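Structure first, commentary second.
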Amino acid sequence: MNTQVKTAASSSPVPDYIRASKGIWSWLTTTDHKRIGLMYFVVMISLFVAAMGMAVTFRLELFSPGEQLFESDIYNRLLTLHGVVMIFLFIIPGIPAVFGNFFLPIMIGAKDVVFPRLNLLSWYCFVVGALIALFSVTLGGIDTGWTFYVPYSQKTDLNVLVPILAAFIIGWSSILTGINFIATTHRMRVKGMGFFDMPLFVWSLYATGWIQILATPVVGITLLLLVFEKFVGVAIFDPAAGGDPILFEHLFWIYSHPAVYVMILPAMGVVSEIIPTFARRTIFGYKTIAYSSIAIAGIGSLVWAHHMFTSGMVDEARIVFSFLTFFVAVPSGVKVFNWLATLYKGSIELRSPMMWCLMFIFLFSIGGLTGLFNASLSIDIHLHDTSWVPAHFHYTIFGGAVVILFAACHYWWPKIFGRMVNERIAIGTCIGFFIGFNLTYMPLFFAGTAGMPRRYADYLPEYTIYHRLSTIGAVILATSILIMIINLVRSISKGKIAPANPWQGATLEWTVPSPPPTLNFTGEPDTSRGAYEYPVEVSDG
Amino acid sequence: MANHSAEMHEHAEHGHYDPMANKIGMWTFLFTEALLFGALFIAFFVYLSTNTGDFLDCSSELNRIMGAINTVVLLTSSLTMALAIAALQRGNKRLSLNLMLMTLVFAAVFLIIKYFEWSHKIHLGIYPKSELMVNRAQGDQLFYGLYYTMTGLHGLHVAIGAVLILIAMRKVQTGGVHKTKFSFIENVGLYWHLVDLVWIYLFPMFYLIGR
């Protein structure tokens, strides 16, 4: 033990958070927000790779019409598991759980979140939920799709309760994180930092926190009702007992639509950090970006029924929901224009995080604009349940939230691990991703407009070309991602030692050592510089 | 040793007492609880509008006297809980403990009355998927489905609240919660009032809409 202390002490006066204490137990009982963030990352990225493998597998099945590798029953189960894992276990915790946990306290000059033990509890809720979800695979999986729509989920076998229980428990993890972030933002800001001095990433996490606490309980109780109905026989959604399956859809989407903003809002916050850093220019329209986060959280909570335009609803309601859906595009558009205006006349440095961000703007714009087609009532009748819809939401969620999760990895990796990532491989995988991504999802738009239904294990021969392109794209995409992950992991031991501020960033996390010490700041946080005041002179090498 | 002291240091630095943060945390959590029940209220009112006649008939079958007694019991328990907090803030530990004990007794009375109501209904054969139930009107099945779900979930909240009050009593006894550090008991009080508030809506929704 003495030698450990010595080696830690010899490298730097205050040991960083990774070397502060050793052993698996010191991680599993930690209340350090940085360690908890990292533990989320390890679980999430493993699950992501698994769910990506499932997607590539069923894409291979779709390479040709007819049955290739497995029968449609297996296809349905793979498709469901891919959705459940990606949505509930990867992208909903996503950026807030990893990078929010790690950087929210540092960015506001705090030593930790305000409820550190609650933070650890959130992680355990998440892990227990994840284990239960994986356990469902050993029971043979389920084939309801990730939305668990009644009455089918009531008629299928009892296994469906297992992933539902998992989603319920993970919901609590999300709620507790939201509560923690809101209270932290209110109470832990360093003296002198007002709400409008906060980095925009913190603003986006704050808005996300409100969605998490206000929307998640609705899906929680809805899933619980599903369990009561299936297990106890309580009549709620069963049409035979007078229940209304469409009520389930409403209650489900009241959460699950806002949930897409839980995914995308933090990503937008990260973009608002990376673009000014690499354009060396203050963010354009700080306040409009901050307010648009709140506006997205607010309006985004009122658009859920656009998932149900073909399910049966009075026309008046459909018109209102259609209008609100168009309207929610406005604050998103505000952000995109602000980012572009920030780039204008900036001295842009094309490093890997910036490349991912520029890719995000391109892909997310396609995702957003194709969403407007779905928002139009008459066009949606044609597009609903075709492969246009998965193409659209993969452009927004994968091309949006996940691309920015990767951007955040490259941006903050030097801070988290104290090592630089190999830049040439990083940019290579970024380009590979871009090619693979568009090749995977672009053809699905065309297939969808031509009438290819979504979720199907088989298709008519005239759709073959779209599916072939998409499958080839999926392989390129998955390969790029795997190389990217290997490159990131490899840098932890092999990368060059990172300085405190490798990108000349202006926010507070770049003023502390890489990796940061356990309590983040060795002295008082330096608040003399604004979050977007450029240029930043870097004194230490 | 070094490890241990580092942890101690960590705890000392992390675990500072911020009553305002605790209050913000609790209120945001209560929003969560309100929306949890909110979804059930939506389901209730949707089905009330589509099965009005059946719902009114079933409502008349519930025991209004018992429901009313429970309402009074729960409202009074909110009063004793609020007084317990006020007593502690004024430094009267003993009175505070006694008032919390009274709150616990009210909670128990509420649950016992609820137990009798439920068991009477079950005795009559009114429970999900019973022979009697599946042959009754669809609206009746929905009404009792929601009745058991919502009062059951509320009863669970009463039980959780009672456990929290027990923990609060323990903390007051051992001095962990006291005159100047009362954030915990205040939050338990807030939770208890929410449980009470939910019942204030459940009572008219289920018991009073009938003829």
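Just remember, in the structure tokens the first chain shown is A, the second B, etc., residues are 1-based per chain, and ligands are 1-based in the order shown.
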Could you name the residues that touch Leu30 of chain B at 10 Å or less, counting only C-alpha atoms, but leaving out those on the same chain fewer than 2 positions away, as a ChimeraX atom specification? /A:213-214 /B:24-28,32-36,190-191,194-195
6 Å contacts from chain A to chain B using only C-alpha atoms, as a list of chain:residue names: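 Putting it all together, I get A:Ile179, A:Ala183, A:Ile213, A:Leu214, A:Pro217, A:Val218, A:Ile221, A:Gly233, A:Val234, A:Ala235, A:Ile236, A:Ala241, A:Gly242.
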Name the residues in contact with Ser322 of chain A at a cut-off of 7 Å, using only C-alpha atoms, excluding same-chain residues fewer than 5 positions from it; report them as a short mmCIF file (atom, residue, chain, number, x, y, z; two decimals) with N, CA, C and O atoms, in the first residue's frame.
data_model
loop_
_atom_site.label_atom_id
_atom_site.label_comp_id
_atom_site.auth_asym_id
_atom_site.auth_seq_id
_atom_site.Cartn_x
_atom_site.Cartn_y
_atom_site.Cartn_z
N HIS A 306 -47.95 12.29 -33.02
CA HIS A 306 -47.57 12.14 -34.44
C HIS A 306 -47.04 10.74 -34.74
O HIS A 306 -46.81 10.42 -35.89
N ALA A 375 -44.35 14.71 -40.48
CA ALA A 375 -45.25 15.58 -39.73
C ALA A 375 -46.46 15.99 -40.57
O ALA A 375 -47.50 16.35 -40.02
N SER A 376 -46.32 15.95 -41.91
CA SER A 376 -47.46 16.34 -42.77
C SER A 376 -48.45 15.18 -42.82
O SER A 376 -48.09 14.08 -43.22
N LEU A 377 -49.68 15.48 -42.43
CA LEU A 377 -50.68 14.42 -42.27
C LEU A 377 -50.83 13.56 -43.50
O LEU A 377 -50.75 12.34 -43.45
#
Taking the chain letters and numbering used in this document, name the residues of segment 241-428 of chain A that DSSP puts in alpha helix (DSSP H), as a PyMOL selection string. chain A and resi 245-279+286-300+315-343+352-375+377-383+388-393+403-417+423-428
Point-to-point distance from atom CA of Pro513 of chain A to atom CA of Asn119 of chain A, Å rounded to tenths: 23.6 Å
Between atom CA of Val127 of chain A and atom CA of Val42 of chain A - distance in Å to one decimal: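 Separation between atom CA of Val42 of chain A and atom CA of Val127 of chain A: 10.9 Å.
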Would you mind listing what lies within 8 Å of Ala84 of chain B as a VMD selection string, with only C-alpha atoms counted and same-chain residues fewer than 3 positions away left out? chain B and resid 80 to 81 87 to 88 95 to 100
Residues within 12 Å of Phe196 of chain A, please, as a ChimeraX atom specification. Count only C-alpha atoms; anything in the same chain fewer than 5 positions from it doesn't count. /A:108,185,189,201-203,285-291,530-532
Would you output that residue set with N, CA, C and O atoms, as a compact mmCIF listing (two decimals), in the first residue's frame?
# COMPACT_ATOMS: atom_id res chain seq x y z
N ILE A 108 -19.29 23.59 -14.09
CA ILE A 108 -19.84 24.65 -13.25
C ILE A 108 -18.96 24.89 -12.02
O ILE A 108 -19.36 25.58 -11.08
N THR A 185 -27.30 21.77 -10.89
CA THR A 185 -27.20 23.01 -11.65
C THR A 185 -27.67 24.20 -10.82
O THR A 185 -27.10 25.29 -10.87
N ARG A 189 -23.26 25.66 -8.68
CA ARG A 189 -22.47 26.54 -9.54
C ARG A 189 -21.48 27.32 -8.69
O ARG A 189 -21.81 27.76 -7.58
N PHE A 201 -23.62 23.18 -22.83
CA PHE A 201 -23.82 21.76 -22.53
C PHE A 201 -24.59 21.62 -21.22
O PHE A 201 -25.48 20.77 -21.10
N VAL A 202 -24.27 22.46 -20.25
CA VAL A 202 -24.98 22.40 -18.97
C VAL A 202 -26.44 22.79 -19.15
O VAL A 202 -27.34 22.15 -18.61
N TRP A 203 -26.68 23.82 -19.97
CA TRP A 203 -28.06 24.20 -20.27
C TRP A 203 -28.84 23.03 -20.86
O TRP A 203 -29.99 22.76 -20.49
N GLY A 285 -25.15 33.64 -30.74
CA GLY A 285 -26.50 33.55 -30.19
C GLY A 285 -26.60 32.65 -28.98
O GLY A 285 -27.41 31.73 -28.93
N TYR A 286 -25.74 32.91 -27.96
CA TYR A 286 -25.73 32.09 -26.75
C TYR A 286 -27.13 31.93 -26.17
O TYR A 286 -27.59 30.83 -25.91
N LYS A 287 -27.81 33.08 -25.99
CA LYS A 287 -29.11 33.00 -25.30
C LYS A 287 -30.16 32.25 -26.11
O LYS A 287 -30.97 31.52 -25.56
N THR A 288 -30.13 32.42 -27.44
CA THR A 288 -31.14 31.71 -28.24
C THR A 288 -30.89 30.20 -28.17
O THR A 288 -31.84 29.42 -28.16
N ILE A 289 -29.62 29.80 -28.10
CA ILE A 289 -29.35 28.36 -27.98
C ILE A 289 -29.84 27.85 -26.63
O ILE A 289 -30.49 26.81 -26.54
N ALA A 290 -29.57 28.63 -25.58
CA ALA A 290 -30.01 28.23 -24.24
C ALA A 290 -31.54 28.13 -24.19
O ALA A 290 -32.10 27.12 -23.76
N TYR A 291 -32.22 29.18 -24.70
CA TYR A 291 -33.69 29.15 -24.66
C TYR A 291 -34.25 28.07 -25.56
O TYR A 291 -35.28 27.46 -25.25
N GLY A 530 -14.87 33.85 -19.61
CA GLY A 530 -16.20 33.36 -19.97
C GLY A 530 -16.09 32.01 -20.66
O GLY A 530 -15.01 31.65 -21.14
N ALA A 531 -17.20 31.29 -20.73
CA ALA A 531 -17.17 29.95 -21.29
C ALA A 531 -16.82 29.94 -22.77
O ALA A 531 -16.40 28.93 -23.31
N TYR A 532 -17.04 31.08 -23.46
CA TYR A 532 -16.77 31.12 -24.90
C TYR A 532 -15.88 32.29 -25.27
O TYR A 532 -16.07 32.93 -26.29
So, with only C-alpha atoms as the atoms that count, which of B:Val198, B:Ile65, B:Val109, B:Ile185 lies closest to Ile165 of chain B?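 Using only C-alpha atoms, the shortest distance to Ile165 of chain B belongs to B:Ile185.
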Residues near Val73 of chain B, anyone? I mean within 12 Å using only C-alpha atoms, not counting same-chain ones fewer than 5 positions away, as a list of chain:residue names.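 The neighbour list is B:Met66, B:Gly67, B:Ala68, B:Ser78, B:Leu79, B:Thr80, B:Met102, B:Thr103, B:Leu104, B:Val105, B:Phe106, B:Ala107, B:Ala108, B:Val109, B:Phe110, B:Leu111, B:Ile112, B:Ile113, B:Lys114, B:Asp196, B:Trp199, B:Ile200.
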Kindly export the residues of the current selection with N, CA, C and O atoms, as a PDB file, in the first residue's frame.
ATOM      1  N   MET B  66     -66.743   4.251   4.688  1.00  0.00           N
ATOM      2  CA  MET B  66     -65.341   3.871   4.899  1.00  0.00           C
ATOM      3  C   MET B  66     -64.404   4.820   4.163  1.00  0.00           C
ATOM      4  O   MET B  66     -63.373   5.239   4.695  1.00  0.00           O
ATOM      5  N   GLY B  67     -64.763   5.136   2.923  1.00  0.00           N
ATOM      6  CA  GLY B  67     -63.943   6.076   2.146  1.00  0.00           C
ATOM      7  C   GLY B  67     -63.825   7.415   2.845  1.00  0.00           C
ATOM      8  O   GLY B  67     -62.739   8.001   2.922  1.00  0.00           O
ATOM      9  N   ALA B  68     -64.950   7.892   3.374  1.00  0.00           N
ATOM     10  CA  ALA B  68     -64.952   9.201   4.038  1.00  0.00           C
ATOM     11  C   ALA B  68     -64.107   9.148   5.306  1.00  0.00           C
ATOM     12  O   ALA B  68     -63.328  10.073   5.588  1.00  0.00           O
ATOM     13  N   SER B  78     -51.814  14.134   7.962  1.00  0.00           N
ATOM     14  CA  SER B  78     -50.994  15.194   7.372  1.00  0.00           C
ATOM     15  C   SER B  78     -50.777  16.318   8.382  1.00  0.00           C
ATOM     16  O   SER B  78     -49.693  16.899   8.468  1.00  0.00           O
ATOM     17  N   LEU B  79     -51.845  16.606   9.129  1.00  0.00           N
ATOM     18  CA  LEU B  79     -51.735  17.642  10.164  1.00  0.00           C
ATOM     19  C   LEU B  79     -50.706  17.239  11.213  1.00  0.00           C
ATOM     20  O   LEU B  79     -49.812  18.020  11.552  1.00  0.00           O
ATOM     21  N   THR B  80     -50.812  16.001  11.734  1.00  0.00           N
ATOM     22  CA  THR B  80     -49.881  15.582  12.785  1.00  0.00           C
ATOM     23  C   THR B  80     -48.453  15.560  12.252  1.00  0.00           C
ATOM     24  O   THR B  80     -47.515  15.903  12.970  1.00  0.00           O
ATOM     25  N   MET B 102     -48.258   9.271  16.181  1.00  0.00           N
ATOM     26  CA  MET B 102     -49.687   9.415  15.848  1.00  0.00           C
ATOM     27  C   MET B 102     -49.898   9.283  14.341  1.00  0.00           C
ATOM     28  O   MET B 102     -50.846   8.637  13.879  1.00  0.00           O
ATOM     29  N   THR B 103     -49.008   9.900  13.575  1.00  0.00           N
ATOM     30  CA  THR B 103     -49.113   9.805  12.115  1.00  0.00           C
ATOM     31  C   THR B 103     -49.057   8.345  11.674  1.00  0.00           C
ATOM     32  O   THR B 103     -49.836   7.908  10.819  1.00  0.00           O
ATOM     33  N   LEU B 104     -48.147   7.612  12.301  1.00  0.00           N
ATOM     34  CA  LEU B 104     -48.014   6.190  11.978  1.00  0.00           C
ATOM     35  C   LEU B 104     -49.306   5.430  12.297  1.00  0.00           C
ATOM     36  O   LEU B 104     -49.742   4.574  11.521  1.00  0.00           O
ATOM     37  N   VAL B 105     -49.893   5.759  13.461  1.00  0.00           N
ATOM     38  CA  VAL B 105     -51.147   5.092  13.835  1.00  0.00           C
ATOM     39  C   VAL B 105     -52.224   5.378  12.790  1.00  0.00           C
ATOM     40  O   VAL B 105     -52.932   4.466  12.332  1.00  0.00           O
ATOM     41  N   PHE B 106     -52.315   6.639  12.353  1.00  0.00           N
ATOM     42  CA  PHE B 106     -53.306   6.986  11.321  1.00  0.00           C
ATOM     43  C   PHE B 106     -53.038   6.206  10.037  1.00  0.00           C
ATOM     44  O   PHE B 106     -53.960   5.727   9.382  1.00  0.00           O
ATOM     45  N   ALA B 107     -51.766   6.095   9.693  1.00  0.00           N
ATOM     46  CA  ALA B 107     -51.415   5.341   8.477  1.00  0.00           C
ATOM     47  C   ALA B 107     -51.891   3.901   8.599  1.00  0.00           C
ATOM     48  O   ALA B 107     -52.464   3.337   7.656  1.00  0.00           O
ATOM     49  N   ALA B 108     -51.681   3.329   9.789  1.00  0.00           N
ATOM     50  CA  ALA B 108     -52.100   1.949  10.008  1.00  0.00           C
ATOM     51  C   ALA B 108     -53.622   1.838   9.909  1.00  0.00           C
ATOM     52  O   ALA B 108     -54.148   0.928   9.264  1.00  0.00           O
ATOM     53  N   VAL B 109     -54.339   2.789  10.542  1.00  0.00           N
ATOM     54  CA  VAL B 109     -55.808   2.770  10.484  1.00  0.00           C
ATOM     55  C   VAL B 109     -56.272   2.831   9.039  1.00  0.00           C
ATOM     56  O   VAL B 109     -57.148   2.064   8.602  1.00  0.00           O
ATOM     57  N   PHE B 110     -55.652   3.703   8.269  1.00  0.00           N
ATOM     58  CA  PHE B 110     -56.022   3.830   6.849  1.00  0.00           C
ATOM     59  C   PHE B 110     -55.875   2.495   6.131  1.00  0.00           C
ATOM     60  O   PHE B 110     -56.781   2.036   5.431  1.00  0.00           O
ATOM     61  N   LEU B 111     -54.719   1.854   6.343  1.00  0.00           N
ATOM     62  CA  LEU B 111     -54.454   0.604   5.624  1.00  0.00           C
ATOM     63  C   LEU B 111     -55.395  -0.503   6.086  1.00  0.00           C
ATOM     64  O   LEU B 111     -55.835  -1.333   5.277  1.00  0.00           O
ATOM     65  N   ILE B 112     -55.732  -0.509   7.379  1.00  0.00           N
ATOM     66  CA  ILE B 112     -56.637  -1.541   7.891  1.00  0.00           C
ATOM     67  C   ILE B 112     -58.030  -1.376   7.279  1.00  0.00           C
ATOM     68  O   ILE B 112     -58.640  -2.341   6.807  1.00  0.00           O
ATOM     69  N   ILE B 113     -58.516  -0.134   7.254  1.00  0.00           N
ATOM     70  CA  ILE B 113     -59.829   0.108   6.646  1.00  0.00           C
ATOM     71  C   ILE B 113     -59.810  -0.315   5.178  1.00  0.00           C
ATOM     72  O   ILE B 113     -60.731  -0.967   4.678  1.00  0.00           O
ATOM     73  N   LYS B 114     -58.701   0.033   4.484  1.00  0.00           N
ATOM     74  CA  LYS B 114     -58.568  -0.327   3.073  1.00  0.00           C
ATOM     75  C   LYS B 114     -58.594  -1.856   2.920  1.00  0.00           C
ATOM     76  O   LYS B 114     -59.213  -2.389   2.008  1.00  0.00           O
ATOM     77  N   ASP B 196     -51.235  11.984   0.719  1.00  0.00           N
ATOM     78  CA  ASP B 196     -52.522  12.525   1.141  1.00  0.00           C
ATOM     79  C   ASP B 196     -53.248  13.180  -0.039  1.00  0.00           C
ATOM     80  O   ASP B 196     -54.428  12.938  -0.289  1.00  0.00           O
ATOM     81  N   TRP B 199     -54.844  10.871  -2.482  1.00  0.00           N
ATOM     82  CA  TRP B 199     -56.092  10.315  -1.966  1.00  0.00           C
ATOM     83  C   TRP B 199     -57.240  11.309  -2.089  1.00  0.00           C
ATOM     84  O   TRP B 199     -58.384  10.924  -2.380  1.00  0.00           O
ATOM     85  N   ILE B 200     -56.929  12.587  -1.900  1.00  0.00           N
ATOM     86  CA  ILE B 200     -57.976  13.604  -2.000  1.00  0.00           C
ATOM     87  C   ILE B 200     -58.631  13.569  -3.381  1.00  0.00           C
ATOM     88  O   ILE B 200     -59.805  13.854  -3.541  1.00  0.00           O
TER      89      ILE B 200
END
As an NGL selection string, please: the residues near Tyr17 of chain A (cut-off 8 Å, only C-alpha atoms, same-chain neighbours under 4 positions excluded). :A and (21 or 34-35 or 515-519)
Which of B:His178, B:Arg211, B:His123, B:Lys171 sits closest to Asp54 of chain B [using only C-alpha atoms]: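 Nearest candidate to Asp54 of chain B out of B:His178, B:Arg211, B:His123, B:Lys171: B:Arg211.
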